[in-house]
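Here's the structure, in structure tokens; my notes come after.
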There are 2 protein chains.
Amino acid sequence: MPELRKDPIHGRWVIISTERGRRPSDFVLEDRRSIGGFCPLCEGNEDRTPPEVLSFRDNGTPPNSPGWTLRVVPNKFPALRIEGELSREGEGIYDKMNGIGAHEVVIETPHHHETLATLPLKAVENVLWAYRERIIDLRRDQRFRYILVFKNYGVSAGASLEHSHSQIIALPIVPRRVSEEMEGAKNYFQYKDRCVFCDIVRQELQQRSRLIKENKAFLSIAPFASRFPFETWILPKTHYPSFEHMETFQYGQAAQILSDTLQRISQVLDDPPFNYIIHTSSFPEVDKDYYHWHFEIMPKLTKMAGFEWGTGFYINPTPPEEAAEYMREAK
Amino acid sequence: MPELRKDPIHGRWVIISTERGRRPSDFVLEDRRSIGGFCPLCEGNEDRTPPEVLSFRDNGTPPNSPGWTLRVVPNKFPALRIEGELSREGEGIYDKMNGIGAHEVVIETPHHHETLATLPLKAVENVLWAYRERIIDLRRDQRFRYILVFKNYGVSAGASLEHSHSQIIALPIVPRRVSEEMEGAKNYFQYKDRCVFCDIVRQELQQRSRLIKENKAFLSIAPFASRFPFETWILPKTHYPSFEHMETFQYGQAAQILSDTLQRISQVLDDPPFNYIIHTSSFPEVDKDYYHWHFEIMPKLTKMAGFEWGTGFYINPTPPEEAAEYMREAK
């Protein structure tokens, strides 16, 4: 059973994942690891994943068989385990709890060599619908306090499978980065009576130097205080606290700008490794005035080093205004 | 001039380093970069670095010439610039300031192939004395609010030179990770009337499952909530808020345990890349009861991915108790 442990100084939680227990020699070999070979996510290999919890498939095809365009399955090597009651415990001055949670894999396409940048728009939109459906379902579990959607693309961004997929993790606590972000947005709202994200949308649409692209409902920008070169955020123009509670037509618009952004990143940076995350409102805060869901897309081009670990600062060698210019010129 | 920009939601600062301006093609090539070739840090190449601000050298040898065992020089490609007055400015809803600061390089040995794990104890102790002297000197500059000592070892830990060196950065603001750590320690003190680090020292010496090594004045441990496999902290047994304000004999003890730790890491993990940082009290907090300086050493074995970026959680596949056992058995 994995264990959640809390740092007594920072209050930062860490998942000690015994499931994935690693000896020193495992790390030494890791960088030589290839992620090719047999693919459990390809069509026809449905029996090599845990049974699906959601799929979009041709009429009449049974679950866990070919005929699908998208599947969601539990992660075979989950960071957290779905079974059991949450139990909190002390160990001297330290605090821990058992690693209860959900960890699912969204298989975005049956075809091994497609990516979100090459898939047709309809398939990208289906990925967003799958995120939405799984978030809504997982929220029904009273043990969970937050659900994170994220994607690791490429070995150096942490992907362990090549086949296009994203992941969903449900957590028994609101993670620090989310609660800090909500707290920051709340403080801004209390001070200004405006949503900080709405203010960002307004200023970026007006200033345009960091604007990459806009459609009817969304915009993509290189954020003013980008941590990483070519960091890109996607924000809805309308104030929506939660990804999963938008009007239906918004998901098509979101898919369009996500697909556009990933194509530009792939072109400008030669198909780089990247991570993306969706930050949506935590449960008790749903429908609040001050929070505004968004995508954060982070190409993996630089390395976290001592300075970043020691300070929480980031050194970004590419001004976001320059990154936005390269991104606008792509295609 | 580099620019410090503040994220309007998190309050996180980012250094936009125009000095190191990078186009997309620079990143594409980066992973193929070799860090061999001509070394500006080797003895005899003193004219290839900015003039030294400190050196330990043979009697009678002039500055910036051979005959030294350690040199400290300004970084030739600094993340922050030393010249000028601090100026704060808004840009619509955003905040920024000019990138004032100091960025120095501690050249730990004249010999290209030595490392902190292979250098004699006296040389390691001299590195600590150099840190101390530079911190004390930089603290005299009224523009600075924090000074961070850190080391990047190995390309994938962010080192851009092979020759053994560490870095010192003086910052015009107390970085978030430090202020959070001090805040956390303060809260603990208010609640318990004890320093949280002193409590950690006591519990680890008693429990011993995460203890790696101790000498008269220091201990090395795998912290209870280790973020990374084989993360190791070094703490003084006595309550010292600041690295730079200890009794003289402590530095020899610190050098001994630092050298021991780096040798163990090198042996257990086959000379891995790593980062270390020194967290010492921020200026206005010096001599406080609740803060306790320490080393954090982080071997670079796993990758930050979407989950970590999205949550601030870490997934650590090696329980610290197992890491400590491997580390104790080394040598």
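Just remember, in the structure tokens the first chain shown is A, the second B, etc., residues are 1-based per chain, and ligands are 1-based in the order shown.
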For this session: Compute the set of chain B residues within 7 Å of chain A, using only C-alpha atoms, and express it as a VMD selection string.
Result: chain B and resid 5 to 7 9 to 10 12 to 18 20 to 22 24 27 to 28 150 to 152 157 to 158 175 to 178 180 to 181 184 to 185 196 225 227 268 to 269 275 to 277 301 303 to 307 310 to 319
Problem set entry | Spatial neighbours of range 102-107 of chain A, 10 Å, only C-alpha atoms, chain gap at least 2 places, as a ChimeraX atom specification | /A:41-42,49-50,52-55,69-83,99-100,109-111,127,130-131,134,138,141,144,147-151,163-172
Taking only range 193-278 of chain A into account, list the residues labelled helix (DSSP H, G or I) by DSSP (computed from the backbone), as an mmCIF file with N, CA and C atoms, in the first residue's frame.
```
data_model
loop_
_atom_site.group_PDB
_atom_site.id
_atom_site.type_symbol
_atom_site.label_atom_id
_atom_site.label_comp_id
_atom_site.auth_asym_id
_atom_site.auth_seq_id
_atom_site.Cartn_x
_atom_site.Cartn_y
_atom_site.Cartn_z
ATOM 1 N N VAL A 196 -8.705 37.223 -11.109
ATOM 2 C CA VAL A 196 -7.370 37.522 -11.644
ATOM 3 C C VAL A 196 -7.192 36.915 -13.043
ATOM 4 N N PHE A 197 -7.800 35.755 -13.264
ATOM 5 C CA PHE A 197 -7.679 35.127 -14.577
ATOM 6 C C PHE A 197 -8.438 35.940 -15.637
ATOM 7 N N CYS A 198 -9.606 36.463 -15.257
ATOM 8 C CA CYS A 198 -10.363 37.331 -16.179
ATOM 9 C C CYS A 198 -9.536 38.572 -16.505
ATOM 10 N N ASP A 199 -8.834 39.107 -15.503
ATOM 11 C CA ASP A 199 -7.971 40.269 -15.739
ATOM 12 C C ASP A 199 -6.826 39.915 -16.683
ATOM 13 N N ILE A 200 -6.269 38.713 -16.510
ATOM 14 C CA ILE A 200 -5.205 38.259 -17.415
ATOM 15 C C ILE A 200 -5.753 38.171 -18.842
ATOM 16 N N VAL A 201 -6.928 37.559 -18.993
ATOM 17 C CA VAL A 201 -7.541 37.432 -20.317
ATOM 18 C C VAL A 201 -7.691 38.811 -20.962
ATOM 19 N N ARG A 202 -8.235 39.757 -20.208
ATOM 20 C CA ARG A 202 -8.438 41.115 -20.733
ATOM 21 C C ARG A 202 -7.119 41.757 -21.153
ATOM 22 N N GLN A 203 -6.127 41.702 -20.246
ATOM 23 C CA GLN A 203 -4.869 42.390 -20.559
ATOM 24 C C GLN A 203 -4.146 41.749 -21.743
ATOM 25 N N GLU A 204 -4.179 40.427 -21.819
ATOM 26 C CA GLU A 204 -3.463 39.756 -22.914
ATOM 27 C C GLU A 204 -4.145 39.999 -24.262
ATOM 28 N N LEU A 205 -5.482 40.071 -24.254
ATOM 29 C CA LEU A 205 -6.194 40.350 -25.515
ATOM 30 C C LEU A 205 -5.932 41.778 -25.982
ATOM 31 N N GLN A 206 -5.694 42.656 -25.019
ATOM 32 C CA GLN A 206 -5.449 44.046 -25.368
ATOM 33 C C GLN A 206 -3.987 44.269 -25.770
ATOM 34 N N GLN A 207 -3.056 43.720 -24.936
ATOM 35 C CA GLN A 207 -1.629 43.965 -25.156
ATOM 36 C C GLN A 207 -1.103 43.184 -26.374
ATOM 37 N N THR A 248 -21.939 22.905 -23.474
ATOM 38 C CA THR A 248 -21.470 21.893 -24.410
ATOM 39 C C THR A 248 -20.560 22.439 -25.513
ATOM 40 N N PHE A 249 -20.922 23.559 -26.120
ATOM 41 C CA PHE A 249 -20.154 24.027 -27.287
ATOM 42 C C PHE A 249 -18.731 24.428 -26.925
ATOM 43 N N GLN A 250 -18.473 24.706 -25.637
ATOM 44 C CA GLN A 250 -17.140 25.131 -25.214
ATOM 45 C C GLN A 250 -16.084 24.034 -25.436
ATOM 46 N N TYR A 251 -16.488 22.775 -25.328
ATOM 47 C CA TYR A 251 -15.490 21.694 -25.422
ATOM 48 C C TYR A 251 -14.911 21.593 -26.831
ATOM 49 N N GLY A 252 -15.725 21.864 -27.841
ATOM 50 C CA GLY A 252 -15.224 21.890 -29.221
ATOM 51 C C GLY A 252 -14.233 23.029 -29.407
ATOM 52 N N GLN A 253 -14.560 24.174 -28.824
ATOM 53 C CA GLN A 253 -13.667 25.329 -28.892
ATOM 54 C C GLN A 253 -12.347 25.047 -28.161
ATOM 55 N N ALA A 254 -12.446 24.401 -26.995
ATOM 56 C CA ALA A 254 -11.246 24.060 -26.215
ATOM 57 C C ALA A 254 -10.373 23.082 -26.997
ATOM 58 N N ALA A 255 -11.014 22.095 -27.627
ATOM 59 C CA ALA A 255 -10.266 21.105 -28.414
ATOM 60 C C ALA A 255 -9.529 21.796 -29.556
ATOM 61 N N GLN A 256 -10.199 22.754 -30.184
ATOM 62 C CA GLN A 256 -9.589 23.451 -31.317
ATOM 63 C C GLN A 256 -8.319 24.186 -30.887
ATOM 64 N N ILE A 257 -8.381 24.880 -29.769
ATOM 65 C CA ILE A 257 -7.201 25.665 -29.382
ATOM 66 C C ILE A 257 -6.118 24.767 -28.772
ATOM 67 N N LEU A 258 -6.514 23.686 -28.119
ATOM 68 C CA LEU A 258 -5.508 22.736 -27.603
ATOM 69 C C LEU A 258 -4.757 22.094 -28.760
ATOM 70 N N SER A 259 -5.496 21.649 -29.754
ATOM 71 C CA SER A 259 -4.881 21.033 -30.926
ATOM 72 C C SER A 259 -3.958 22.038 -31.627
ATOM 73 N N ASP A 260 -4.434 23.256 -31.811
ATOM 74 C CA ASP A 260 -3.634 24.309 -32.435
ATOM 75 C C ASP A 260 -2.342 24.553 -31.658
ATOM 76 N N THR A 261 -2.451 24.639 -30.326
ATOM 77 C CA THR A 261 -1.286 24.917 -29.485
ATOM 78 C C THR A 261 -0.256 23.800 -29.591
ATOM 79 N N LEU A 262 -0.722 22.546 -29.513
ATOM 80 C CA LEU A 262 0.218 21.425 -29.540
ATOM 81 C C LEU A 262 0.876 21.310 -30.922
ATOM 82 N N GLN A 263 0.148 21.658 -31.967
ATOM 83 C CA GLN A 263 0.759 21.663 -33.304
ATOM 84 C C GLN A 263 1.855 22.723 -33.405
ATOM 85 N N ARG A 264 1.574 23.913 -32.854
ATOM 86 C CA ARG A 264 2.580 24.980 -32.898
ATOM 87 C C ARG A 264 3.821 24.591 -32.093
ATOM 88 N N ILE A 265 3.611 24.032 -30.901
ATOM 89 C CA ILE A 265 4.747 23.621 -30.064
ATOM 90 C C ILE A 265 5.584 22.581 -30.802
ATOM 91 N N SER A 266 4.899 21.610 -31.388
ATOM 92 C CA SER A 266 5.594 20.547 -32.107
ATOM 93 C C SER A 266 6.409 21.125 -33.264
ATOM 94 N N GLN A 267 5.826 22.109 -33.963
ATOM 95 C CA GLN A 267 6.535 22.670 -35.116
ATOM 96 C C GLN A 267 7.706 23.555 -34.697
ATOM 97 N N VAL A 268 7.472 24.455 -33.736
ATOM 98 C CA VAL A 268 8.514 25.412 -33.353
ATOM 99 C C VAL A 268 9.683 24.702 -32.662
#
```
For this session: Extract, using only C-alpha atoms, all DNA, RNA and protein residues at most 10 Å from His239 in chain B, discarding same-chain residues fewer than 5 positions from it, and format them as a list in words.
Result: Cys195, Phe197, Cys198, Val201, Met246, Asp287, Lys288, Asp289, Tyr290, Tyr291, His292 and Trp293 of chain B
Write the residues of the preceding selection, restricted to N, CA and C atoms, as a short mmCIF file (atom, residue, chain, number, x, y, z; two decimals), in the first residue's frame.
```cif
data_model
loop_
_atom_site.label_atom_id
_atom_site.label_comp_id
_atom_site.auth_asym_id
_atom_site.auth_seq_id
_atom_site.Cartn_x
_atom_site.Cartn_y
_atom_site.Cartn_z
N CYS B 195 11.94 23.94 18.27
CA CYS B 195 12.34 24.03 16.87
C CYS B 195 12.01 22.71 16.18
N PHE B 197 13.24 21.46 13.52
CA PHE B 197 14.45 20.76 13.07
C PHE B 197 15.11 20.05 14.25
N CYS B 198 15.10 20.69 15.43
CA CYS B 198 15.65 20.04 16.62
C CYS B 198 14.82 18.78 16.93
N VAL B 201 15.92 16.11 14.52
CA VAL B 201 17.22 15.58 14.96
C VAL B 201 17.01 14.55 16.08
N MET B 246 28.44 29.84 13.00
CA MET B 246 28.70 28.69 13.89
C MET B 246 30.08 28.85 14.50
N ASP B 287 19.38 34.40 14.12
CA ASP B 287 19.41 34.12 15.56
C ASP B 287 18.05 33.79 16.15
N LYS B 288 17.09 33.46 15.30
CA LYS B 288 15.78 33.11 15.83
C LYS B 288 15.80 31.68 16.38
N ASP B 289 14.86 31.44 17.26
CA ASP B 289 14.78 30.15 17.93
C ASP B 289 14.21 29.05 17.03
N TYR B 290 13.47 29.44 16.02
CA TYR B 290 12.71 28.42 15.31
C TYR B 290 13.34 27.90 14.04
N TYR B 291 14.41 28.55 13.55
CA TYR B 291 14.99 28.09 12.29
C TYR B 291 16.38 27.50 12.50
N HIS B 292 16.74 26.55 11.65
CA HIS B 292 17.88 25.68 11.88
C HIS B 292 18.47 25.39 10.49
N TRP B 293 19.65 25.87 10.22
CA TRP B 293 20.20 25.71 8.86
C TRP B 293 20.46 24.23 8.56
#
```
Exercise. Distance CA of Thr232 in chain A-CA of Ile212 in chain A, one decimal place?
Worked result: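 Between CA of Thr232 in chain A and CA of Ile212 in chain A the gap works out to 8.6 Å.
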Problem set entry | Top pick for closest residue to Pro236 in chain B, considering B:Arg143, B:Arg194, B:Arg210, B:Lys216 and counting only C-alpha atoms |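 Of all the options, B:Lys216 lies closest to Pro236 in chain B.
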Exercise. Can you list every residue in range 135-294 of chain B that DSSP puts in strand (DSSP E or B), as a ChimeraX atom specification?
Worked result: /B:146-153,165-171,211-214,218-221,232-236,274-279,294
